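Visitor: Sharing upload-v7.txt here; it has compact mmCIF, C-alpha atoms.
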```
# COMPACT_ATOMS: atom_id res chain seq x y z
CA MET P 91 51.25 -22.41 -48.89
CA LYS P 92 48.02 -24.34 -48.86
CA LYS P 93 45.32 -22.50 -46.90
CA LYS P 94 43.20 -24.56 -44.50
CA GLY P 95 40.14 -23.76 -42.38
CA LEU P 96 37.09 -21.58 -42.99
CA SER P 97 37.06 -18.80 -45.49
CA THR P 98 36.54 -15.27 -44.18
CA ILE P 99 33.02 -15.11 -45.66
CA VAL P 100 31.91 -18.38 -44.12
CA ALA P 101 33.44 -17.39 -40.77
CA THR P 102 31.63 -14.02 -40.84
CA ILE P 103 28.30 -15.64 -41.72
CA ALA P 104 28.81 -18.17 -38.92
CA VAL P 105 29.53 -15.43 -36.40
CA VAL P 106 26.51 -13.39 -37.52
CA LEU P 107 24.23 -16.45 -37.30
CA LEU P 108 25.57 -17.33 -33.86
CA THR P 109 24.95 -13.76 -32.69
CA LEU P 110 21.38 -13.82 -34.02
CA ALA P 111 20.73 -17.17 -32.35
CA ALA P 112 22.11 -15.87 -29.05
CA ALA P 113 20.00 -12.70 -29.32
CA ALA P 114 16.85 -14.74 -30.04
CA PHE P 115 17.60 -17.00 -27.06
CA ILE P 116 18.11 -14.04 -24.72
CA ALA P 117 14.98 -12.27 -25.96
CA GLY P 118 12.80 -15.35 -25.79
CA PHE P 119 13.96 -16.98 -22.60
CA ILE P 120 16.31 -14.96 -20.43
CA VAL P 121 14.48 -11.60 -20.63
CA PRO P 122 11.04 -12.94 -19.55
CA LEU P 123 12.70 -14.98 -16.82
CA VAL P 124 14.59 -12.00 -15.41
CA ARG P 125 11.56 -9.73 -15.76
CA ASN P 126 9.42 -12.24 -13.89
CA GLN P 127 11.98 -12.54 -11.11
CA LEU P 128 12.29 -8.76 -10.87
CA ASN P 129 8.51 -8.36 -10.61
CA GLU P 130 8.37 -10.93 -7.84
CA GLY P 131 11.15 -9.17 -6.01
CA THR P 132 9.55 -5.75 -6.19
CA GLU P 133 5.81 -6.40 -5.98
CA CYS P 134 5.75 -5.72 -2.23
CA LEU P 135 7.15 -2.22 -2.71
CA GLY P 136 4.57 0.29 -1.51
CA TYR P 137 3.02 -2.07 1.05
CA GLU P 138 5.61 -1.54 3.83
CA ASP P 139 3.05 0.20 6.08
CA TYR P 140 -0.17 -0.93 4.44
CA PHE P 141 -1.81 -2.77 7.34
CA THR P 142 -1.40 -1.51 10.89
CA PHE P 143 -3.17 -2.19 14.16
CA TYR P 144 -5.57 0.64 14.88
CA GLU P 145 -5.24 1.54 18.55
CA GLU P 146 -7.81 4.31 18.87
CA PHE P 147 -10.46 1.67 19.50
CA GLU P 148 -10.02 -0.44 22.59
CA TYR P 149 -10.51 -3.72 20.76
CA ASN P 150 -6.85 -4.74 20.53
CA CYS P 151 -7.03 -6.94 23.61
CA TYR P 152 -7.77 -10.46 24.85
CA ARG P 153 -10.36 -12.03 27.09
CA GLN P 154 -10.31 -15.49 28.62
CA GLY P 155 -13.49 -17.52 28.82
CA GLY P 156 -12.87 -21.00 30.22
CA SER P 157 -10.44 -22.81 27.94
CA THR P 158 -10.86 -20.39 25.04
CA TRP P 159 -9.20 -17.07 24.59
CA LEU P 160 -10.78 -14.36 22.50
CA TYR P 161 -8.55 -11.78 20.84
CA GLY P 162 -9.88 -8.55 19.38
CA ILE P 163 -7.81 -7.16 16.51
CA SER P 164 -8.51 -3.77 14.86
CA VAL P 165 -6.79 -3.50 11.50
CA GLN P 166 -6.36 -0.27 9.55
CA ALA P 167 -5.46 -0.05 5.87
CA ASP P 168 -3.25 2.84 4.82
CA SER P 169 -4.65 5.53 2.50
CA VAL P 170 -3.11 4.60 -0.81
CA ARG P 171 -3.93 4.92 -4.49
CA GLU P 172 -6.76 2.78 -5.77
CA GLU P 173 -4.54 0.71 -8.04
CA THR P 174 -2.24 -0.11 -5.10
CA ALA P 175 -5.16 -1.16 -2.88
CA ASP P 176 -6.65 -3.26 -5.68
CA GLU P 177 -3.66 -5.62 -5.56
CA VAL P 178 -4.29 -6.59 -1.92
CA ALA P 179 -6.11 -9.88 -1.41
CA GLY P 180 -6.01 -9.89 2.38
CA PHE P 181 -3.60 -10.25 5.25
CA LYS P 182 -1.97 -12.81 7.43
CA LEU P 183 -2.12 -12.61 11.21
CA GLN P 184 0.59 -14.35 13.16
CA PHE P 185 -0.02 -15.11 16.83
CA LEU P 186 3.16 -15.81 18.76
CA LYS P 187 3.96 -17.18 22.18
CA THR P 188 6.99 -18.94 23.54
CA GLY P 189 7.60 -22.06 21.49
CA GLU P 190 4.43 -21.75 19.43
CA SER P 191 3.00 -19.65 16.66
CA LYS P 192 -0.30 -19.71 14.85
CA SER P 193 -1.05 -18.14 11.51
CA VAL P 194 -4.45 -17.08 10.20
CA GLU P 195 -5.12 -15.71 6.75
CA VAL P 196 -7.98 -13.30 6.15
CA GLU P 197 -9.20 -12.67 2.62
CA ASP P 198 -12.06 -10.56 1.37
CA GLU P 199 -15.37 -12.41 1.12
CA MET P 200 -13.93 -15.46 2.90
CA PRO P 201 -16.53 -17.20 5.12
CA LYS P 202 -15.94 -16.80 8.84
CA THR P 203 -14.44 -19.78 10.61
CA ASP P 204 -14.35 -21.11 14.15
CA GLU P 205 -11.00 -19.35 14.48
CA ILE P 206 -11.71 -15.91 13.08
CA ARG P 207 -14.76 -13.75 12.50
CA MET P 208 -15.71 -10.10 12.29
CA LEU P 209 -16.42 -8.27 15.56
CA ASN P 210 -20.08 -8.37 14.65
CA SER P 211 -20.60 -12.13 14.93
CA SER P 212 -23.70 -12.06 12.72
CA VAL P 213 -21.59 -11.12 9.69
CA ALA P 214 -21.06 -14.35 7.77
CA LYS P 215 -18.22 -13.27 5.50
CA LEU P 216 -14.94 -11.66 6.42
CA GLU P 217 -14.07 -8.38 4.80
CA ILE P 218 -10.76 -6.61 4.71
CA PRO P 219 -10.48 -2.86 5.28
CA LYS P 220 -10.17 -0.86 2.08
CA SER P 221 -7.84 2.10 1.77
CA GLY P 222 -8.16 4.27 4.89
CA GLU P 223 -10.71 2.02 6.58
CA VAL P 224 -10.64 0.03 9.82
CA ARG P 225 -12.18 -3.35 10.63
CA THR P 226 -12.14 -5.35 13.85
CA TYR P 227 -11.83 -9.14 13.97
CA VAL P 228 -12.13 -11.64 16.77
CA TYR P 229 -9.73 -14.57 16.88
CA THR P 230 -10.46 -17.58 19.07
CA GLY P 231 -7.37 -19.32 20.43
CA ASN P 232 -6.58 -21.89 23.07
CA GLY P 233 -3.92 -20.08 25.00
CA LEU P 234 -2.42 -16.69 25.75
CA PHE P 235 -0.38 -15.35 22.87
CA GLY P 236 2.10 -12.58 23.57
CA THR P 237 2.43 -10.89 20.20
CA VAL P 238 0.35 -10.51 17.06
CA LYS P 239 1.93 -9.56 13.75
CA ILE P 240 0.29 -8.64 10.47
CA ALA P 241 1.51 -8.95 6.88
CA PRO P 242 -0.31 -8.08 3.63
CA VAL P 243 -1.10 -10.83 1.14
CA LEU P 244 -1.25 -9.78 -2.50
CA LYS P 245 -3.51 -11.16 -5.21
CA SER P 246 -0.45 -12.79 -6.78
CA GLY P 247 -0.33 -15.01 -3.68
CA ARG P 248 2.76 -13.38 -2.31
CA THR P 249 2.90 -12.61 1.41
CA CYS P 250 4.80 -9.39 2.04
CA GLU P 251 6.93 -8.46 5.02
CA ILE P 252 5.32 -7.87 8.41
CA THR P 253 3.98 -4.32 8.57
CA ASP P 254 3.02 -4.03 12.24
CA SER P 255 3.02 -5.94 15.50
CA ILE P 256 1.37 -5.52 18.87
CA ASP P 257 2.04 -7.03 22.29
CA ILE P 258 -1.48 -8.21 22.91
CA GLY P 259 -0.58 -10.57 25.74
CA GLY P 260 -0.39 -7.68 28.15
CA ILE P 261 -3.70 -6.06 27.19
CA GLU P 262 -6.70 -7.65 28.83
CA CYS P 263 -9.99 -6.26 27.53
CA ALA P 264 -11.60 -3.57 29.63
CA PRO P 265 -14.98 -4.58 31.16
CA GLY P 266 -16.92 -2.45 28.65
CA VAL P 267 -15.32 -4.03 25.58
CA ASP P 268 -17.68 -6.56 24.01
CA LEU P 269 -15.99 -9.06 21.70
CA ALA P 270 -19.24 -10.84 20.86
CA LEU P 271 -21.32 -8.14 19.21
CA THR P 272 -24.33 -9.31 17.29
CA MET M 109 62.39 -6.07 -43.34
CA ILE M 110 59.34 -7.44 -41.56
CA VAL M 111 56.15 -5.49 -42.18
CA GLU M 112 53.69 -5.89 -39.29
CA LYS M 113 50.13 -5.86 -40.47
CA LYS M 114 47.85 -4.16 -37.89
CA ARG M 115 44.49 -5.76 -37.28
CA GLY M 116 41.54 -5.02 -35.02
CA LEU M 117 39.85 -1.81 -33.89
CA SER M 118 41.70 1.43 -33.55
CA PRO M 119 42.00 2.77 -29.97
CA VAL M 120 39.69 5.69 -30.83
CA ILE M 121 36.86 3.46 -32.07
CA ALA M 122 37.31 1.10 -29.13
CA THR M 123 37.04 4.00 -26.66
CA VAL M 124 33.97 5.41 -28.40
CA LEU M 125 32.36 1.96 -28.31
CA LEU M 126 33.08 1.51 -24.60
CA VAL M 127 31.72 4.93 -23.70
CA SER M 128 28.58 4.34 -25.82
CA ILE M 129 27.92 0.95 -24.21
CA ALA M 130 28.38 2.45 -20.74
CA LEU M 131 25.97 5.29 -21.53
CA VAL M 132 23.32 2.95 -22.95
CA LEU M 133 23.58 0.71 -19.88
CA ALA M 134 23.32 3.71 -17.56
CA VAL M 135 20.16 4.92 -19.34
CA ILE M 136 18.59 1.45 -19.21
CA ILE M 137 19.32 1.09 -15.47
CA PHE M 138 18.05 4.62 -14.76
CA LEU M 139 14.76 4.03 -16.60
CA TRP M 140 14.29 0.69 -14.85
CA ALA M 141 15.10 1.97 -11.37
CA ARG M 142 12.93 5.08 -11.78
CA SER M 143 9.81 2.95 -11.84
CA PHE M 144 10.44 1.87 -8.23
CA ILE M 145 10.56 5.38 -6.86
CA ALA M 146 7.14 6.83 -6.15
CA GLU M 147 6.50 10.17 -7.75
CA THR M 148 6.66 12.92 -5.15
CA VAL M 149 3.49 14.94 -4.74
CA LEU M 150 4.24 18.52 -3.71
CA LYS M 151 2.17 21.38 -2.39
CA GLY M 152 3.69 24.84 -2.07
CA GLY M 153 7.14 23.36 -2.64
CA GLU M 154 6.79 20.91 0.26
CA ARG M 155 5.82 17.25 0.29
CA VAL M 156 2.05 17.20 0.50
CA GLU M 157 1.98 14.68 3.38
CA LEU M 158 3.93 17.15 5.53
CA MET M 159 1.41 19.88 4.73
CA CYS M 160 -1.31 17.77 6.37
CA GLU M 161 0.18 18.72 9.75
CA ASP M 162 -0.64 22.37 9.07
CA VAL M 163 -4.26 21.71 8.14
CA GLY M 164 -6.83 22.97 10.63
CA PHE M 165 -10.58 23.01 10.21
CA LEU M 166 -13.88 22.70 12.04
CA ALA M 167 -16.61 20.33 10.92
CA GLU M 168 -20.30 20.32 11.76
CA ALA M 169 -22.97 18.10 10.27
CA TYR M 170 -26.67 18.91 10.30
CA GLY M 171 -29.31 17.03 8.38
CA GLU M 172 -27.83 16.41 4.97
CA GLN M 173 -25.16 19.10 5.13
CA LEU M 174 -21.58 19.08 6.29
CA LEU M 175 -20.11 22.47 7.12
CA ILE M 176 -16.33 22.88 6.93
CA GLU M 177 -14.54 25.98 8.19
CA ASN M 178 -10.87 26.31 7.33
CA ILE M 179 -9.17 27.83 10.38
CA ALA M 180 -5.58 27.39 9.21
CA THR M 181 -3.59 28.63 6.23
CA VAL M 182 -3.52 25.50 4.07
CA PRO M 183 -6.27 25.40 1.40
CA ILE M 184 -8.46 22.28 1.68
CA TYR M 185 -9.50 20.71 -1.60
CA GLY M 186 -12.19 18.50 -0.08
CA VAL M 187 -12.90 16.00 2.66
CA GLU M 188 -13.28 12.27 2.68
CA ILE M 189 -16.13 11.20 4.89
CA ARG M 190 -15.74 8.09 6.99
CA VAL M 191 -18.35 6.67 9.30
CA LEU M 192 -17.35 5.52 12.75
CA GLY M 193 -19.04 2.27 13.76
CA SER M 194 -18.50 -0.39 16.41
CA GLY M 195 -14.89 -1.38 15.94
CA GLU M 196 -14.80 -0.14 12.38
CA ILE M 197 -14.36 2.90 10.22
CA ARG M 198 -16.00 2.80 6.80
CA GLU M 199 -15.14 5.06 3.95
CA VAL M 200 -18.26 6.55 2.45
CA ALA M 201 -17.15 8.96 -0.22
CA PRO M 202 -14.72 11.71 -1.04
CA THR M 203 -16.53 15.05 -1.18
CA THR M 204 -15.08 17.90 -3.17
CA GLY M 205 -16.86 21.05 -4.17
CA GLY M 206 -14.15 23.59 -4.67
CA THR M 207 -11.11 24.58 -2.64
CA ILE M 208 -11.76 25.99 0.83
CA GLU M 209 -9.26 28.79 1.28
CA ALA M 210 -7.96 29.99 4.68
CA GLY M 211 -10.77 31.46 6.75
CA GLN M 212 -13.44 30.30 4.31
CA THR M 213 -16.45 28.15 5.12
CA MET M 214 -18.07 25.74 2.68
CA SER M 215 -20.94 23.31 2.92
CA PHE M 216 -21.08 19.90 1.30
CA ASP M 217 -23.91 17.47 0.77
CA LEU M 218 -23.52 14.49 3.07
CA PRO M 219 -23.45 11.23 1.13
CA VAL M 220 -26.58 9.08 1.16
CA GLY M 221 -26.73 6.51 3.93
CA ILE M 222 -25.55 8.65 6.81
CA SER M 223 -28.25 9.15 9.37
CA SER M 224 -28.73 11.42 12.34
CA GLY M 225 -26.77 10.47 15.45
CA GLU M 226 -23.94 8.77 13.55
CA THR M 227 -20.39 9.92 14.08
CA ILE M 228 -18.45 10.83 10.97
CA ILE M 229 -14.79 11.67 10.50
CA ALA M 230 -13.99 14.30 7.89
CA VAL M 231 -10.49 13.60 6.59
CA PRO M 232 -8.94 16.51 4.67
CA ILE M 233 -7.99 16.18 1.00
CA LEU M 234 -5.26 18.48 -0.31
CA LEU M 235 -4.51 19.23 -3.93
CA GLY M 236 -0.88 18.47 -4.63
CA GLU M 237 1.03 18.49 -7.87
CA THR M 238 3.49 16.24 -9.63
CA ASP M 239 5.63 17.17 -12.62
CA GLU M 240 2.74 16.43 -14.93
CA GLU M 241 -0.55 16.98 -13.16
CA GLN M 242 -2.45 18.03 -10.07
CA VAL M 243 -3.44 15.13 -7.84
CA PRO M 244 -5.68 15.03 -4.77
CA TYR M 245 -3.97 13.66 -1.67
CA ILE M 246 -5.98 12.24 1.22
CA CYS M 247 -4.32 12.99 4.56
CA ASP M 248 -3.97 10.41 7.28
CA ILE M 249 -7.04 9.75 9.43
CA ASP M 250 -5.18 11.30 12.40
CA TYR M 251 -5.73 14.70 10.75
CA GLY M 252 -9.47 14.10 10.47
CA VAL M 253 -12.12 15.86 12.54
CA GLU M 254 -15.00 14.01 14.15
CA ALA M 255 -18.55 15.30 14.00
CA VAL M 256 -21.86 13.86 15.16
CA VAL M 257 -24.61 14.26 12.58
CA GLY M 258 -27.31 16.39 14.17
```
So that I can check it, write out the structure of this file as structure tokens.
Guide:
Amino acid sequence: MKKKGLSTIVATIAVVLLTLAAAAFIAGFIVPLVRNQLNEGTECLGYEDYFTFYEEFEYNCYRQGGSTWLYGISVQADSVREETADEVAGFKLQFLKTGESKSVEVEDEMPKTDEIRMLNSSVAKLEIPKSGEVRTYVYTGNGLFGTVKIAPVLKSGRTCEITDSIDIGGIECAPGVDLALT
Amino acid sequence: MIVEKKRGLSPVIATVLLVSIALVLAVIIFLWARSFIAETVLKGGERVELMCEDVGFLAEAYGEQLLIENIATVPIYGVEIRVLGSGEIREVAPTTGGTIEAGQTMSFDLPVGISSGETIIAVPILLGETDEEQVPYICDIDYGVEAVVG
């Protein structure tokens, strides 16, 4: 009988070469891709309660002045390890009312804007609270928002899940609360 | 008579291979998943954050000194001093100078920059332990004690 096809040696070498090529492909392309995706999927772990609204102060409230509405927002950062806090670039505030929402991002060292500033209006740059600290901000809007939500923003650019919310629409500032400190 | 020539792996080798692959995969998944679980910090066999509830102390600040008296049973490793301002709380510095045992009183130097009349919050720091080392744990600000610098 006349034998046809590859010899056993050639077939074995071909299989070994194919395996090596597949391994090189997986190591060089698939592994970094999967690792990258996994990192993106897990980078918000540990920030589930990072920013919360601090309610011991009486600044979580609103005040109407003509057509503008001032909102005081006290934000507390959780006490976490330094390396965890170092990854936080800032936070996103979401103001919600029926049929409308407004989003404001606050990052460390960002100049104040017409929309948002620190409670002390003479402070030119915004600063975020570090681990265990509290800062108060004043947001200027053009209507009454019902709810404010907060979500951490990491240095990678990723915005994590909302960590706290407050029904600010029902809290008008007490007469002694000054939202325009200088 | 037809002689059947057997080829392929024997059932024993195939089983050993399958079990080995399963074990290697299990180890890889375990090592990967372990990195997502935060290491538990314990104190006296309990999670250190739960021990914060049992902390009790008095704080008084005069001049450049902060006096801490431990009035509960949990030893306090130190305090983190935060300054209460208008609409803000600023962290100044952690202050540790030895563990304050139950009933003991210890004084600390107040960090520079705190002046008379300011309100500070002394937040307790406990010394917990992981499998490998002892780590300080800062309790939540709710467990802190306010004091006006006299």
Visitor: Grab all the atoms of segment 194-210 of chain M that the file lists, wrap them in a box along x, y and z, add 6 Å per side, and give me centre plus edge lengths in Å (one decimal) as AutoDock Vina command-line options.
Guide:
```
--center_x -13.2 --center_y 14.3 --center_z 5.9 --size_x 22.5 --size_y 43.4 --size_z 33.1
```
Visitor: When distances are computed from all atoms listed in the file, which of P:Gly222, P:Gly266, P:Gly247, P:Gly233 shows the smallest separation from Gly156 of chain P?
Guide: P:Gly233
Visitor: So, counting all atoms listed in the file, which residue among M:Gly195, M:Gly225, M:Gly252, M:Gly211 is closest to chain P?
Guide: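 The shortest atom-to-atom distance to chain P comes from M:Gly195.
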Visitor: What is the distance, in Å and to one decimal place, between atom CA of Thr158 of chain P and atom CA of Leu234 of chain P?
Guide: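 We find that atom CA of Thr158 of chain P and atom CA of Leu234 of chain P lie 9.2 Å from each other.
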Visitor: Using 10 Å as the limit and counting only C-alpha atoms, can you tabulate each residue of chain M that touches chain P, with its shortest atom-to-atom distance in Å and the two atoms involved, as a Markdown table?
Guide:
```
| residue | atom | partner | partner_atom | distance |
| --- | --- | --- | --- | --- |
| M:Phe144 | CA | P:Leu135 | CA | 7.6 |
| M:Ile145 | CA | P:Leu135 | CA | 9.3 |
| M:Ala146 | CA | P:Gly136 | CA | 8.4 |
| M:Glu188 | CA | P:Gly222 | CA | 9.8 |
| M:Arg190 | CA | P:Glu223 | CA | 7.9 |
| M:Val191 | CA | P:Glu223 | CA | 9.3 |
| M:Leu192 | CA | P:Val224 | CA | 9.2 |
| M:Gly193 | CA | P:Arg225 | CA | 9.4 |
| M:Ser194 | CA | P:Leu209 | CA | 8.2 |
| M:Gly195 | CA | P:Thr226 | CA | 5.3 |
| M:Glu196 | CA | P:Arg225 | CA | 4.5 |
| M:Ile197 | CA | P:Val224 | CA | 4.7 |
| M:Arg198 | CA | P:Glu223 | CA | 5.4 |
| M:Glu199 | CA | P:Glu223 | CA | 6.0 |
| M:Val200 | CA | P:Glu223 | CA | 9.7 |
| M:Val231 | CA | P:Gly222 | CA | 9.8 |
| M:Tyr245 | CA | P:Val170 | CA | 9.1 |
| M:Ile246 | CA | P:Ser169 | CA | 7.0 |
| M:Cys247 | CA | P:Ser169 | CA | 7.7 |
| M:Asp248 | CA | P:Ser169 | CA | 6.9 |
| M:Ile249 | CA | P:Gly222 | CA | 7.2 |
| M:Asp250 | CA | P:Glu146 | CA | 9.9 |
```
Visitor: Provide the atom CA of Pro242 of chain P to atom CA of Ser193 of chain P distance in Å, to one decimal place.
Guide: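 These atoms are spaced 12.8 Å apart.
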Visitor: Counting all atoms listed in the file, which of M:Leu175, M:Val220, M:Ala230, M:Ile184 gets nearest to Pro202 of chain M?
Guide: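 Counting all atoms listed in the file, the residue closest to Pro202 of chain M is M:Ala230.
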Visitor: In the coordinates of the file, take the point (-31.2, 10.3, 11.2) and a cut-off of 9 Å; then, counting all atoms listed in the file, name each qualifying protein, DNA or RNA residue as a list in words.
Guide: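 Those within range, by chain then number, are Gly171, Ile222, Ser223, Ser224, Gly225, Glu226, Val257 and Gly258 of chain M.
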Visitor: Could you check how far atom CA of Thr123 of chain M sits from atom CA of Ala141 of chain M, in Å to one decimal?
Guide: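 Atom CA of Thr123 of chain M sits 26.8 Å away from atom CA of Ala141 of chain M.
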Visitor: Where atoms are absent from segment 241-253 of chain P, fill them in so it carries N, CA and C atoms, then output it as a PDB file, in the frame of the given file.
Guide:
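So part09.pdb came out as:
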```pdb
ATOM      1  N   ALA P 241       0.784  -9.095   8.157  1.00  0.00           N
ATOM      2  CA  ALA P 241       1.510  -8.950   6.880  1.00  0.00           C
ATOM      3  C   ALA P 241       0.501  -8.972   5.740  1.00  0.00           C
ATOM      4  N   PRO P 242       0.620  -8.066   4.765  1.00  0.00           N
ATOM      5  CA  PRO P 242      -0.310  -8.080   3.630  1.00  0.00           C
ATOM      6  C   PRO P 242      -0.088  -9.281   2.718  1.00  0.00           C
ATOM      7  N   VAL P 243      -1.184  -9.767   2.146  1.00  0.00           N
ATOM      8  CA  VAL P 243      -1.100 -10.830   1.140  1.00  0.00           C
ATOM      9  C   VAL P 243      -1.639 -10.246  -0.172  1.00  0.00           C
ATOM     10  N   LEU P 244      -0.848 -10.366  -1.220  1.00  0.00           N
ATOM     11  CA  LEU P 244      -1.250  -9.780  -2.500  1.00  0.00           C
ATOM     12  C   LEU P 244      -2.031 -10.796  -3.344  1.00  0.00           C
ATOM     13  N   LYS P 245      -2.706 -10.287  -4.366  1.00  0.00           N
ATOM     14  CA  LYS P 245      -3.510 -11.160  -5.210  1.00  0.00           C
ATOM     15  C   LYS P 245      -2.636 -12.163  -5.973  1.00  0.00           C
ATOM     16  N   SER P 246      -1.362 -11.849  -6.120  1.00  0.00           N
ATOM     17  CA  SER P 246      -0.450 -12.790  -6.780  1.00  0.00           C
ATOM     18  C   SER P 246      -0.155 -13.989  -5.885  1.00  0.00           C
ATOM     19  N   GLY P 247      -0.590 -13.913  -4.625  1.00  0.00           N
ATOM     20  CA  GLY P 247      -0.330 -15.010  -3.680  1.00  0.00           C
ATOM     21  C   GLY P 247       0.865 -14.732  -2.796  1.00  0.00           C
ATOM     22  N   ARG P 248       1.568 -13.668  -3.076  1.00  0.00           N
ATOM     23  CA  ARG P 248       2.760 -13.380  -2.310  1.00  0.00           C
ATOM     24  C   ARG P 248       2.415 -12.744  -0.952  1.00  0.00           C
ATOM     25  N   THR P 249       3.053 -13.216   0.090  1.00  0.00           N
ATOM     26  CA  THR P 249       2.900 -12.610   1.410  1.00  0.00           C
ATOM     27  C   THR P 249       4.059 -11.651   1.630  1.00  0.00           C
ATOM     28  N   CYS P 250       3.742 -10.393   1.867  1.00  0.00           N
ATOM     29  CA  CYS P 250       4.800  -9.390   2.040  1.00  0.00           C
ATOM     30  C   CYS P 250       5.354  -9.421   3.462  1.00  0.00           C
ATOM     31  N   GLU P 251       6.305  -8.544   3.694  1.00  0.00           N
ATOM     32  CA  GLU P 251       6.930  -8.460   5.020  1.00  0.00           C
ATOM     33  C   GLU P 251       5.912  -7.986   6.056  1.00  0.00           C
ATOM     34  N   ILE P 252       6.194  -8.303   7.318  1.00  0.00           N
ATOM     35  CA  ILE P 252       5.320  -7.870   8.410  1.00  0.00           C
ATOM     36  C   ILE P 252       5.297  -6.342   8.482  1.00  0.00           C
ATOM     37  N   THR P 253       4.092  -5.777   8.581  1.00  0.00           N
ATOM     38  CA  THR P 253       3.980  -4.320   8.570  1.00  0.00           C
ATOM     39  C   THR P 253       3.717  -3.732   9.949  1.00  0.00           C
TER      40      THR P 253
END
```
